[in-house]
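Coordinates as given in protein_2.tsv (TSV, C-alpha atoms):
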chain	number	residue	atom	x	y	z
A	250	MET	CA	-80.72	1.31	96.01
A	251	THR	CA	-79.01	2.38	92.79
A	252	ASN	CA	-79.24	0.72	89.41
A	253	PRO	CA	-76.12	-1.08	88.16
A	254	PRO	CA	-74.23	0.75	85.38
A	255	ILE	CA	-75.54	0.08	81.90
A	256	ASP	CA	-73.18	-1.16	79.20
A	257	TRP	CA	-74.65	0.87	76.37
A	258	ALA	CA	-72.21	-0.51	73.81
A	259	GLU	CA	-73.84	-3.93	74.09
A	260	ARG	CA	-77.22	-2.42	73.23
A	261	PHE	CA	-76.22	-0.56	70.09
A	262	SER	CA	-77.01	-2.08	66.71
A	263	ALA	CA	-74.31	-3.89	64.76
A	264	ARG	CA	-74.17	-1.01	62.26
A	265	MET	CA	-72.65	1.25	64.90
A	266	ASP	CA	-69.39	-0.69	64.55
A	267	ARG	CA	-69.03	1.09	61.20
A	268	VAL	CA	-69.83	4.58	62.50
A	269	HIS	CA	-66.86	6.68	63.60
A	270	ALA	CA	-66.13	10.31	64.35
A	271	SER	CA	-65.19	12.48	61.40
A	272	GLU	CA	-61.57	13.55	61.49
A	273	ILE	CA	-62.57	16.71	59.66
A	274	ARG	CA	-65.25	17.60	62.21
A	275	GLU	CA	-62.70	17.13	64.97
A	276	LEU	CA	-60.14	19.24	63.15
A	277	LEU	CA	-62.63	22.09	62.81
A	278	LYS	CA	-62.27	22.57	66.57
A	279	LEU	CA	-58.77	23.85	65.83
A	280	LEU	CA	-60.34	26.93	64.28
A	281	ASP	CA	-61.01	28.11	67.84
A	282	GLN	CA	-57.24	28.36	68.42
A	283	PRO	CA	-56.25	31.74	66.97
A	284	ASP	CA	-52.59	30.85	66.45
A	285	ILE	CA	-53.38	27.87	64.19
A	286	LEU	CA	-53.19	28.48	60.44
A	287	SER	CA	-55.81	26.02	59.26
A	288	PHE	CA	-56.18	24.48	55.81
A	289	ALA	CA	-58.39	21.77	57.33
A	290	GLY	CA	-62.07	22.58	56.97
A	291	GLY	CA	-63.39	22.99	53.43
A	292	ILE	CA	-65.89	25.60	54.49
A	293	PRO	CA	-67.01	28.81	52.77
A	294	ASP	CA	-65.46	32.15	53.55
A	295	PRO	CA	-68.07	33.92	55.74
A	296	ALA	CA	-67.02	37.26	54.26
A	297	LEU	CA	-68.71	36.08	51.06
A	298	PHE	CA	-72.08	35.24	52.61
A	299	PRO	CA	-74.88	37.51	51.27
A	300	ALA	CA	-75.87	38.24	54.85
A	301	GLU	CA	-77.72	41.51	54.21
A	302	ARG	CA	-79.73	39.95	51.41
A	303	ILE	CA	-80.67	36.95	53.56
A	304	GLN	CA	-81.61	39.20	56.48
A	305	ALA	CA	-83.86	41.26	54.20
A	306	ASP	CA	-85.49	38.10	52.86
A	307	TYR	CA	-86.28	36.80	56.35
A	308	GLU	CA	-87.77	40.18	57.23
A	309	ALA	CA	-89.84	40.25	54.04
A	310	VAL	CA	-91.27	36.79	54.70
A	311	LEU	CA	-92.03	37.35	58.38
A	312	SER	CA	-93.48	40.83	57.92
A	313	ASP	CA	-96.12	39.51	55.51
A	314	PRO	CA	-98.93	37.84	57.54
A	315	VAL	CA	-99.79	35.36	54.80
A	316	LEU	CA	-96.20	34.39	54.07
A	317	ALA	CA	-95.35	34.25	57.78
A	318	ARG	CA	-98.12	31.73	58.49
A	319	GLN	CA	-96.83	29.54	55.66
A	320	ALA	CA	-93.18	29.96	56.62
A	321	LEU	CA	-93.70	28.91	60.25
A	322	GLN	CA	-95.91	25.91	59.47
A	323	TYR	CA	-95.31	22.30	58.49
A	324	SER	CA	-94.81	21.75	54.77
A	325	VAL	CA	-94.65	18.98	52.16
A	326	SER	CA	-91.75	16.54	52.28
A	327	GLU	CA	-90.83	17.10	48.62
A	328	GLY	CA	-89.94	20.70	49.39
A	329	TYR	CA	-91.16	24.21	48.66
A	330	LEU	CA	-92.53	24.13	45.12
A	331	PRO	CA	-91.24	27.55	43.92
A	332	LEU	CA	-87.70	26.55	44.93
A	333	ARG	CA	-88.00	23.15	43.22
A	334	GLU	CA	-89.26	24.95	40.11
A	335	TRP	CA	-86.24	27.27	40.19
A	336	ILE	CA	-83.87	24.30	40.59
A	337	ALA	CA	-85.57	22.38	37.75
A	338	GLU	CA	-85.32	25.38	35.42
A	339	ARG	CA	-81.65	25.93	36.28
A	340	MET	CA	-80.76	22.26	35.85
A	341	THR	CA	-82.59	22.16	32.53
A	342	ARG	CA	-80.44	25.09	31.33
A	343	ASP	CA	-77.38	23.09	32.41
A	344	GLY	CA	-78.34	20.24	30.09
A	345	MET	CA	-80.41	18.19	32.55
A	346	PRO	CA	-84.06	18.57	31.50
A	347	CYS	CA	-86.23	17.73	34.48
A	348	GLU	CA	-89.44	18.73	36.26
A	349	PRO	CA	-90.12	19.71	39.87
A	350	HIS	CA	-91.43	16.19	40.55
A	351	ASN	CA	-87.90	14.93	39.78
A	352	ILE	CA	-86.53	16.95	42.70
A	353	MET	CA	-86.69	16.52	46.48
A	354	LEU	CA	-85.18	19.11	48.82
A	355	THR	CA	-82.99	17.81	51.63
A	356	ALA	CA	-81.20	19.16	54.70
A	357	GLY	CA	-78.02	19.72	52.73
A	358	SER	CA	-76.74	17.13	50.29
A	359	GLN	CA	-75.38	15.20	53.28
A	360	GLN	CA	-78.92	14.13	54.14
A	361	ALA	CA	-79.42	13.11	50.53
A	362	LEU	CA	-76.44	10.75	50.86
A	363	ASP	CA	-77.90	9.19	53.98
A	364	LEU	CA	-81.34	8.68	52.41
A	365	ILE	CA	-79.79	7.23	49.25
A	366	GLY	CA	-77.79	4.82	51.39
A	367	LYS	CA	-80.95	3.78	53.20
A	368	LEU	CA	-82.77	3.26	49.91
A	369	PHE	CA	-80.12	1.36	47.95
A	370	ILE	CA	-77.67	-0.31	50.35
A	371	SER	CA	-78.33	-3.57	52.17
A	372	PRO	CA	-75.64	-5.15	54.39
A	373	GLY	CA	-72.85	-6.51	52.21
A	374	ASP	CA	-73.86	-4.62	49.06
A	375	THR	CA	-71.05	-3.09	47.02
A	376	VAL	CA	-70.47	0.65	46.75
A	377	VAL	CA	-67.96	1.71	44.09
A	378	VAL	CA	-66.09	4.95	44.80
A	379	ALA	CA	-63.21	7.00	43.44
A	380	ARG	CA	-59.73	6.75	44.93
A	381	PRO	CA	-59.77	8.87	47.11
A	382	THR	CA	-63.37	9.92	47.76
A	383	TYR	CA	-65.45	12.26	49.92
A	384	LEU	CA	-65.21	11.20	53.56
A	385	GLY	CA	-68.75	12.41	54.31
A	386	ALA	CA	-70.17	9.97	51.78
A	387	LEU	CA	-68.35	7.09	53.44
A	388	GLN	CA	-69.77	8.19	56.78
A	389	ALA	CA	-73.29	8.40	55.37
A	390	PHE	CA	-73.07	4.95	53.79
A	391	ASN	CA	-71.19	3.16	56.57
A	392	GLY	CA	-74.28	2.72	58.74
A	393	TYR	CA	-75.86	0.58	56.02
A	394	GLN	CA	-72.91	-1.83	56.15
A	395	PRO	CA	-71.69	-1.90	52.53
A	396	THR	CA	-68.53	-3.36	51.05
A	397	TYR	CA	-66.46	-0.73	49.24
A	398	ARG	CA	-64.55	-1.09	46.01
A	399	ASP	CA	-62.18	1.54	44.65
A	400	LEU	CA	-62.64	2.27	40.97
A	401	ALA	CA	-59.35	1.36	39.32
A	402	ASP	CA	-58.10	3.53	36.46
A	403	ALA	CA	-58.18	0.47	34.20
A	404	ALA	CA	-61.94	0.28	34.53
A	405	LEU	CA	-62.26	3.61	32.68
A	406	THR	CA	-59.85	2.71	29.91
A	407	GLY	CA	-61.44	-0.52	28.71
A	408	GLY	CA	-59.36	-2.77	30.95
A	409	GLU	CA	-60.58	-5.81	32.81
A	410	THR	CA	-62.62	-5.25	35.96
A	411	ASP	CA	-63.99	-7.61	38.56
A	412	LEU	CA	-66.55	-5.15	39.89
A	413	PRO	CA	-69.88	-6.86	40.63
A	414	ARG	CA	-73.09	-6.15	38.78
A	415	GLY	CA	-75.76	-3.95	40.33
A	416	ALA	CA	-73.46	-1.93	42.59
A	417	LEU	CA	-74.05	1.65	43.71
A	418	GLY	CA	-71.45	4.07	42.37
A	419	TYR	CA	-70.67	7.38	44.08
A	420	PHE	CA	-68.58	10.07	42.35
A	421	VAL	CA	-67.80	13.82	42.52
A	422	PRO	CA	-67.04	14.65	38.86
A	423	ASP	CA	-66.38	18.38	39.35
A	424	PHE	CA	-63.55	19.62	41.64
A	425	ALA	CA	-63.79	16.59	43.89
A	426	ASN	CA	-63.44	16.68	47.61
A	427	PRO	CA	-60.66	15.88	48.53
A	428	THR	CA	-58.52	16.21	45.39
A	429	GLY	CA	-59.97	19.20	43.53
A	430	VAL	CA	-59.68	17.09	40.36
A	431	SER	CA	-62.47	16.83	37.75
A	432	LEU	CA	-63.36	13.97	35.43
A	433	THR	CA	-62.77	14.71	31.77
A	434	LEU	CA	-65.56	14.27	29.25
A	435	ALA	CA	-63.97	11.03	28.08
A	436	GLU	CA	-63.80	9.74	31.65
A	437	ARG	CA	-67.45	10.62	32.23
A	438	GLU	CA	-68.49	8.80	29.09
A	439	ALA	CA	-66.37	5.80	30.11
A	440	LEU	CA	-67.94	5.78	33.57
A	441	LEU	CA	-71.41	5.70	32.03
A	442	ASP	CA	-70.30	2.88	29.71
A	443	LEU	CA	-69.07	0.93	32.73
A	444	ALA	CA	-72.27	1.65	34.64
A	445	ALA	CA	-74.37	0.38	31.72
A	446	ALA	CA	-72.25	-2.77	31.34
A	447	LEU	CA	-72.48	-3.57	35.07
A	448	ASP	CA	-76.00	-2.21	35.64
A	449	MET	CA	-74.73	0.25	38.25
A	450	THR	CA	-76.79	2.98	39.87
A	451	LEU	CA	-74.79	6.23	39.91
A	452	VAL	CA	-74.78	9.08	42.41
A	453	GLU	CA	-73.31	12.34	41.10
A	454	ASP	CA	-72.36	14.72	43.89
A	455	ALA	CA	-72.16	18.20	42.37
A	456	ALA	CA	-71.47	20.19	45.53
A	457	TYR	CA	-68.69	22.25	43.92
A	458	ARG	CA	-69.84	22.43	40.30
A	459	GLU	CA	-70.90	26.09	40.56
A	460	LEU	CA	-67.45	27.11	41.83
A	461	ARG	CA	-65.54	26.77	38.56
A	462	PHE	CA	-63.04	29.62	38.23
A	463	ALA	CA	-61.01	28.41	35.23
A	464	GLY	CA	-61.61	26.38	32.08
A	465	GLU	CA	-64.85	25.44	30.37
A	466	PRO	CA	-67.71	23.49	32.00
A	467	THR	CA	-67.97	19.78	31.25
A	468	PRO	CA	-71.41	18.16	30.89
A	469	THR	CA	-72.66	16.48	34.05
A	470	LEU	CA	-72.99	12.72	34.32
A	471	LEU	CA	-76.75	13.19	34.51
A	472	SER	CA	-76.89	15.27	31.33
A	473	LEU	CA	-74.90	12.65	29.42
A	474	ASP	CA	-77.04	9.90	30.94
A	475	ILE	CA	-80.29	11.65	29.98
A	476	ALA	CA	-79.08	11.99	26.38
A	477	ARG	CA	-78.38	8.25	26.27
A	478	ALA	CA	-81.56	7.22	28.06
A	479	GLY	CA	-83.96	9.53	26.24
A	480	GLY	CA	-85.17	11.25	29.41
A	481	ILE	CA	-84.50	11.57	33.10
A	482	ASP	CA	-86.95	8.86	34.17
A	483	ASN	CA	-84.93	6.30	32.19
A	484	ALA	CA	-81.57	7.49	33.52
A	485	ARG	CA	-79.50	5.60	36.10
A	486	THR	CA	-77.92	8.72	37.65
A	487	MET	CA	-79.06	10.72	40.66
A	488	PHE	CA	-77.72	14.27	40.89
A	489	LEU	CA	-77.05	15.90	44.27
A	490	GLY	CA	-76.97	19.69	44.47
A	491	THR	CA	-76.58	22.11	47.35
A	492	LEU	CA	-76.68	25.79	48.25
A	493	SER	CA	-74.29	25.25	51.16
A	494	LYS	CA	-71.15	26.12	49.20
A	495	THR	CA	-72.67	29.07	47.36
A	496	LEU	CA	-75.38	30.72	49.49
A	497	SER	CA	-75.06	29.56	53.10
A	498	PRO	CA	-74.45	26.19	54.78
A	499	ALA	CA	-76.65	27.16	57.73
A	500	LEU	CA	-79.78	27.26	55.58
A	501	ARG	CA	-79.31	23.48	55.05
A	502	ILE	CA	-80.70	23.44	51.51
A	503	GLY	CA	-79.69	20.58	49.25
A	504	TRP	CA	-81.53	18.47	46.72
A	505	VAL	CA	-81.71	15.17	44.88
A	506	CYS	CA	-82.70	15.13	41.21
A	507	GLY	CA	-83.46	11.81	39.58
A	508	PRO	CA	-86.04	9.47	38.09
A	509	LYS	CA	-89.53	9.99	39.50
A	510	PRO	CA	-89.81	6.46	40.98
A	511	VAL	CA	-86.61	7.05	42.96
A	512	ILE	CA	-87.74	10.46	44.21
A	513	GLU	CA	-91.07	9.00	45.34
A	514	LYS	CA	-89.28	6.45	47.53
A	515	LEU	CA	-86.85	9.04	48.90
A	516	VAL	CA	-89.81	11.21	49.89
A	517	LEU	CA	-91.18	8.33	51.98
A	518	LEU	CA	-87.82	7.93	53.70
A	519	LYS	CA	-87.57	11.67	54.36
A	520	GLN	CA	-91.01	11.61	55.98
A	521	GLY	CA	-89.59	9.16	58.52
A	522	ALA	CA	-86.45	11.20	59.03
A	523	ASP	CA	-87.47	14.84	59.55
A	524	LEU	CA	-90.74	15.40	57.64
A	525	HIS	CA	-89.30	18.30	55.63
A	526	VAL	CA	-86.59	20.93	55.41
A	527	SER	CA	-87.26	24.11	57.40
A	528	THR	CA	-90.08	25.89	55.56
A	529	ILE	CA	-88.88	29.39	56.30
A	530	ASN	CA	-85.34	28.53	55.18
A	531	GLN	CA	-86.66	27.17	51.89
A	532	MET	CA	-88.71	30.30	51.29
A	533	VAL	CA	-85.80	32.59	52.13
A	534	ALA	CA	-83.43	30.57	49.94
A	535	HIS	CA	-85.85	30.86	47.04
A	536	ARG	CA	-86.03	34.64	47.40
A	537	ALA	CA	-82.24	34.86	47.72
A	538	VAL	CA	-81.50	32.91	44.52
A	539	SER	CA	-84.32	34.41	42.45
A	540	GLN	CA	-82.47	37.67	41.85
A	541	GLY	CA	-78.76	38.31	41.49
A	542	TYR	CA	-77.63	34.73	42.09
A	543	ASP	CA	-75.40	34.58	39.02
A	544	GLN	CA	-73.72	37.83	40.06
A	545	HIS	CA	-73.16	36.34	43.50
A	546	LEU	CA	-71.60	33.23	41.93
A	547	HIS	CA	-69.32	35.46	39.85
A	548	ARG	CA	-68.09	37.05	43.08
A	549	LEU	CA	-67.47	33.65	44.68
A	550	ARG	CA	-65.60	32.33	41.67
A	551	GLY	CA	-63.37	35.38	41.59
A	552	ALA	CA	-62.57	35.15	45.29
A	553	TYR	CA	-61.89	31.41	45.43
A	554	GLY	CA	-60.01	31.49	42.14
A	555	ALA	CA	-57.70	34.16	43.50
A	556	LYS	CA	-57.07	32.16	46.68
A	557	GLY	CA	-56.49	28.98	44.71
A	558	ARG	CA	-53.89	30.70	42.56
A	559	VAL	CA	-52.13	32.06	45.67
A	560	MET	CA	-51.93	28.54	47.12
A	561	LEU	CA	-50.65	26.99	43.90
A	562	ALA	CA	-48.01	29.70	43.56
A	563	ALA	CA	-46.94	29.22	47.18
A	564	LEU	CA	-46.67	25.45	46.71
A	565	GLU	CA	-44.59	25.93	43.56
A	566	ARG	CA	-42.33	28.37	45.35
A	567	SER	CA	-41.88	26.51	48.64
A	568	MET	CA	-42.36	22.74	48.37
A	569	PRO	CA	-39.30	20.50	48.13
A	570	GLU	CA	-38.69	18.20	45.17
A	571	GLY	CA	-40.62	14.94	45.48
A	572	VAL	CA	-43.86	16.59	46.62
A	573	THR	CA	-46.61	16.89	43.98
A	574	TRP	CA	-50.09	18.38	44.03
A	575	SER	CA	-53.31	18.78	42.04
A	576	HIS	CA	-54.12	21.90	40.00
A	577	PRO	CA	-57.86	22.48	40.38
A	578	ASP	CA	-59.97	24.68	38.12
A	579	GLY	CA	-62.59	25.20	40.81
A	580	GLY	CA	-63.82	24.15	44.22
A	581	MET	CA	-61.93	24.53	47.48
A	582	PHE	CA	-59.19	21.90	47.64
A	583	VAL	CA	-55.65	20.97	46.67
A	584	TRP	CA	-54.45	17.38	47.13
A	585	ILE	CA	-50.81	16.83	47.97
A	586	ASP	CA	-48.96	13.55	47.39
A	587	LEU	CA	-46.02	13.19	49.76
A	588	PRO	CA	-42.92	11.04	49.26
A	589	GLU	CA	-43.24	7.39	50.27
A	590	GLY	CA	-42.75	6.87	53.97
A	591	ILE	CA	-44.29	10.15	55.13
A	592	ASP	CA	-47.58	9.50	56.90
A	593	GLY	CA	-50.09	12.36	56.67
A	594	ALA	CA	-51.43	11.73	60.17
A	595	ASP	CA	-47.95	11.80	61.69
A	596	LEU	CA	-47.15	14.91	59.71
A	597	LEU	CA	-50.30	16.59	61.04
A	598	ALA	CA	-49.28	15.96	64.66
A	599	ARG	CA	-45.90	17.54	64.03
A	600	ALA	CA	-47.38	20.38	61.95
A	601	ILE	CA	-49.64	21.41	64.82
A	602	ALA	CA	-46.95	21.04	67.48
A	603	GLU	CA	-44.02	22.55	65.58
A	604	GLU	CA	-45.50	24.91	62.97
A	605	ARG	CA	-49.08	25.56	64.18
A	606	VAL	CA	-50.52	24.54	60.80
A	607	ALA	CA	-53.51	22.23	60.33
A	608	PHE	CA	-54.72	20.18	57.36
A	609	VAL	CA	-56.51	16.87	56.79
A	610	PRO	CA	-54.51	13.64	56.45
A	611	GLY	CA	-55.29	11.69	53.29
A	612	ALA	CA	-55.88	8.16	54.61
A	613	PRO	CA	-59.53	8.63	55.76
A	614	PHE	CA	-60.56	9.50	52.19
A	615	PHE	CA	-59.71	5.99	50.94
A	616	ALA	CA	-62.47	3.40	51.21
A	617	GLU	CA	-60.84	0.11	50.26
A	618	VAL	CA	-57.03	0.35	50.31
A	619	LYS	CA	-55.64	3.21	52.39
A	620	THR	CA	-52.92	5.56	51.19
A	621	ALA	CA	-51.16	7.37	54.02
A	622	ASN	CA	-48.68	9.61	52.19
A	623	ALA	CA	-51.16	12.29	51.15
A	624	ILE	CA	-52.87	15.34	52.67
A	625	ARG	CA	-55.70	17.71	51.74
A	626	LEU	CA	-55.40	21.48	51.89
A	627	SER	CA	-58.33	23.88	51.61
A	628	TYR	CA	-57.79	27.46	50.47
A	629	SER	CA	-61.39	28.68	50.88
A	630	LEU	CA	-61.17	30.15	54.38
A	631	PRO	CA	-57.67	31.61	55.03
A	632	THR	CA	-56.54	34.96	53.68
A	633	ASP	CA	-53.89	35.28	50.98
A	634	ALA	CA	-51.28	36.16	53.59
A	635	GLN	CA	-52.27	33.19	55.76
A	636	ILE	CA	-52.06	30.87	52.74
A	637	GLU	CA	-48.56	32.03	51.89
A	638	GLU	CA	-47.39	31.84	55.50
A	639	GLY	CA	-49.03	28.47	56.16
A	640	VAL	CA	-47.70	26.83	52.99
A	641	GLY	CA	-44.24	28.13	53.82
A	642	ARG	CA	-44.40	26.63	57.31
A	643	LEU	CA	-45.70	23.32	55.97
A	644	ALA	CA	-43.02	23.15	53.30
A	645	ARG	CA	-40.37	23.81	55.92
A	646	LEU	CA	-41.65	20.91	58.02
A	647	ILE	CA	-41.90	18.53	55.07
A	648	SER	CA	-38.32	19.37	54.08
A	649	LYS	CA	-37.25	18.65	57.63
A	650	VAL	CA	-39.07	15.31	57.72
A	651	MET	CA	-37.59	14.31	54.35
A	652	ALA	CA	-34.10	15.14	55.62
A	653	GLU	CA	-34.66	12.99	58.70
A	654	ALA	CA	-35.70	9.93	56.66
Render the structure in this file as structure tokens.
Amino acid sequence: MTNPPIDWAERFSARMDRVHASEIRELLKLLDQPDILSFAGGIPDPALFPAERIQADYEAVLSDPVLARQALQYSVSEGYLPLREWIAERMTRDGMPCEPHNIMLTAGSQQALDLIGKLFISPGDTVVVARPTYLGALQAFNGYQPTYRDLADAALTGGETDLPRGALGYFVPDFANPTGVSLTLAEREALLDLAAALDMTLVEDAAYRELRFAGEPTPTLLSLDIARAGGIDNARTMFLGTLSKTLSPALRIGWVCGPKPVIEKLVLLKQGADLHVSTINQMVAHRAVSQGYDQHLHRLRGAYGAKGRVMLAALERSMPEGVTWSHPDGGMFVWIDLPEGIDGADLLARAIAEERVAFVPGAPFFAEVKTANAIRLSYSLPTDAQIEEGVGRLARLISKVMAEA
């Protein structure tokens, strides 16, 4: 006698109605097709990984009996203290004075987003985001059933706003994913003014801050907040950092920096999630960043800056009139606004079928009111020749679609 089939959908929690597959994760599967020129995944160029250095650091840890026993054992949920000390010292030099107890290491900053959502979001709570915003943050928060509000430009220029008090605000001030655009100093100050007026808690995602290849650095939201508050424990901003974009995503090393009472609660949540980040990966990451990290960053900035300039030049040379795009000073992305009536998802289907080019449609990056006539391109992975060829193919298709309208 066999059991009747189980309808698993009926057994899932209500929050699963808000959890959907990532279009970006699905698009990454296209990388397995060698004839696709992909601008889809915003992932590091593996040619820039310090693989030999990381290999040597693993060997150094595992060849030392004392270090090996520590590296292969359970560890504290807050994270490996020497690495937290290094992060605290580096953040302090970047205008964010803090101590190791203000920092918790996470499995990439993506886990930090999930734990922050669990800590701050109850069903129906408001999360305020940029327009557009990082899709991964929306995925992390969706399971906690928030209501999203796009931050209107008027809210940062002294205009009227109907945003509720006590909301959670999530922003990527430096070289945002997906647009590559950064907030100016005035916009950062205005955002902090708004947060103070509405008693908002802010999350500053700084995943791309270290990848500036042009212009001068702008103070972080947290640094400006600390100056206003008189110290990090009185600030309303939590800062998310990561080594995924600079050292290696596979190490899964990210961190949250914020007021001590917030970190203490996040530690409790992490204990229920995965206990701690891989001990050996934390130890290896600490060794890898302790010497030569700034030289490594210089190499990354030079490489990504060169690729970014190739893409911008190709767009200027090839795109038809009516198409506009961002001009990033860092990060991995260019955002393209298409003429009205061109849907990014429809364009992607044709781009793959007709030109063998992939990118990410813009609509999934909008939380409240969708905008379809936009796409995201990443220049971090393809070669210069692939960028020029791919942009040319894409421009040819867009010109064709515009002519058909």
Which residues are close to Gln360 (chain A), i.e. within 10 Å by all atoms listed in the file, leaving aside same-chain residues fewer than 4 positions away? Reply as a VMD selection string.
chain A and resid 354 to 356 364 to 366 386 389 501 to 505 519 522
Give me, as a ChimeraX atom specification, all polymer residues having an atom no more than 8 Å from Val572 (chain A), counting all atoms listed in the file and skipping those fewer than 2 positions away in the same chain.
/A:568-570,574,585-588
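Minimum distance to Arg264 (chain A) across A:Leu564, A:Arg550, A:Arg477, A:Gly373 (counting all atoms listed in the file) occurs at A:Gly373.
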Which distance in Å separates CA of Asp578 (chain A) and CA of Asn426 (chain A), to one decimal?
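Pair CA of Asp578 (chain A) / CA of Asn426 (chain A) returns 12.9 Å.
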Å distance separating CA of Val559 (chain A) from CA of Pro427 (chain A), one decimal place
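Computing the Euclidean distance for CA of Val559 (chain A) and CA of Pro427 (chain A) yields 18.5 Å.
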Between CA of Asp543 (chain A) and CA of Ser497 (chain A), what is the distance, to one decimal in Å?
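So the answer is 15.0 Å.
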What lies within 12 Å of Ala463 (chain A) using only C-alpha atoms, ignoring chain neighbours under 6 positions off, as number ranges by chain?
A: 424, 431, 547, 550-551, 553-555, 557-558, 576-580
Output file for the selection above: C-alpha atoms, as a CSV table (one decimal), in the frame of the given file:
chain,number,residue,atom,x,y,z
A,424,PHE,CA,-63.6,19.6,41.6
A,431,SER,CA,-62.5,16.8,37.8
A,547,HIS,CA,-69.3,35.5,39.8
A,550,ARG,CA,-65.6,32.3,41.7
A,551,GLY,CA,-63.4,35.4,41.6
A,553,TYR,CA,-61.9,31.4,45.4
A,554,GLY,CA,-60.0,31.5,42.1
A,555,ALA,CA,-57.7,34.2,43.5
A,557,GLY,CA,-56.5,29.0,44.7
A,558,ARG,CA,-53.9,30.7,42.6
A,576,HIS,CA,-54.1,21.9,40.0
A,577,PRO,CA,-57.9,22.5,40.4
A,578,ASP,CA,-60.0,24.7,38.1
A,579,GLY,CA,-62.6,25.2,40.8
A,580,GLY,CA,-63.8,24.2,44.2
Counting only C-alpha atoms, the residue of A:Ser539, A:Ser629, A:Asn391, A:Gln282 that sits nearest Ala616 (chain A):
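Using only C-alpha atoms, Ala616 (chain A) sits closest to A:Asn391.
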Between A:Ile336, A:Val378, A:Met560, A:Val583, which residue has the minimum interatomic distance to Gly490 (chain A), considering all atoms listed in the file?
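Checking each of A:Ile336, A:Val378, A:Met560, A:Val583 against Gly490 (chain A), counting all atoms listed in the file, the winner is A:Ile336.
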Compare A:Ser527, A:Leu434, A:Thr450, A:Ile591 by their minimum atom-to-atom distance to Glu327 (chain A), counting only C-alpha atoms, and give me the closest one.
A:Ser527
Nearest to Met532 (chain A) among A:Lys556, A:Arg548, A:Arg333, A:Arg339, with distances taken over only C-alpha atoms: which residue is it?
A:Arg333
Go through A:Arg318, A:Arg485, A:Lys494, A:Arg414 and flag the residue nearest Arg458 (chain A), using only C-alpha atoms for the distances.
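So, comparing all the options, the nearest one is A:Lys494.
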May I have the residues within 10 Å of Thr410 (chain A) as a PyMOL selection string, using all atoms listed in the file and disregarding those fewer than 6 positions away in the same chain?
chain A and resi 400-404+443
Could you name the residues that touch Phe488 (chain A) at 7 Å or less, counting only C-alpha atoms, but leaving out those on the same chain fewer than 4 positions away, as a list in words?
Val452, Glu453, Asp454, Ala455, Leu471, Val505, Cys506 and Gly507 of chain A
Mind dumping a table of every region 521-552 of chain A residue within 8 Å of region 285-306 of chain A, with the nearest atom pair and its distance in Å to one decimal, using all atoms listed in the file, sorted by chain and rising number, as a tab-separated table?
residue	atom	partner	partner_atom	distance
A:Val533	CA	A:Asp306	CA	5.6
A:Ala534	CA	A:Ile303	CA	7.8
A:Arg536	CA	A:Asp306	CA	6.5
A:Ala537	CA	A:Ile303	CA	6.4
A:Leu549	CA	A:Leu297	CA	6.9
May I have the centre and edge lengths, in Å to one decimal, of an axis-aligned box around the listed atoms of region 393-396 of chain A with 4 Å added to every side, as lines of an AutoDock Vina configuration file?
center_x = -72.2
center_y = -1.4
center_z = 53.6
size_x = 15.3
size_y = 11.9
size_z = 13.1
Completion of region 330-339 of chain A up to N, CA and C atoms, as a JSON list (two decimals), in the coordinates of the input:
[["chain", "number", "residue", "atom", "x", "y", "z"],
["A", 330, "LEU", "N", -92.38, 24.26, 46.56],
["A", 330, "LEU", "CA", -92.53, 24.13, 45.12],
["A", 330, "LEU", "C", -91.82, 25.23, 44.34],
["A", 331, "PRO", "N", -91.95, 26.53, 44.71],
["A", 331, "PRO", "CA", -91.24, 27.55, 43.92],
["A", 331, "PRO", "C", -89.73, 27.31, 43.87],
["A", 332, "LEU", "N", -89.14, 26.82, 44.95],
["A", 332, "LEU", "CA", -87.70, 26.55, 44.93],
["A", 332, "LEU", "C", -87.39, 25.34, 44.06],
["A", 333, "ARG", "N", -88.22, 24.30, 44.11],
["A", 333, "ARG", "CA", -88.00, 23.15, 43.22],
["A", 333, "ARG", "C", -88.17, 23.55, 41.75],
["A", 334, "GLU", "N", -89.10, 24.47, 41.49],
["A", 334, "GLU", "CA", -89.26, 24.95, 40.11],
["A", 334, "GLU", "C", -88.02, 25.71, 39.65],
["A", 335, "TRP", "N", -87.46, 26.52, 40.53],
["A", 335, "TRP", "CA", -86.24, 27.27, 40.19],
["A", 335, "TRP", "C", -85.09, 26.30, 39.92],
["A", 336, "ILE", "N", -84.94, 25.29, 40.77],
["A", 336, "ILE", "CA", -83.87, 24.30, 40.59],
["A", 336, "ILE", "C", -84.06, 23.55, 39.27],
["A", 337, "ALA", "N", -85.30, 23.13, 38.99],
["A", 337, "ALA", "CA", -85.57, 22.38, 37.75],
["A", 337, "ALA", "C", -85.25, 23.22, 36.52],
["A", 338, "GLU", "N", -85.60, 24.50, 36.55],
["A", 338, "GLU", "CA", -85.32, 25.38, 35.42],
["A", 338, "GLU", "C", -83.81, 25.56, 35.24],
["A", 339, "ARG", "N", -83.09, 25.72, 36.35],
["A", 339, "ARG", "CA", -81.65, 25.93, 36.28],
["A", 339, "ARG", "C", -80.94, 24.66, 35.80]]
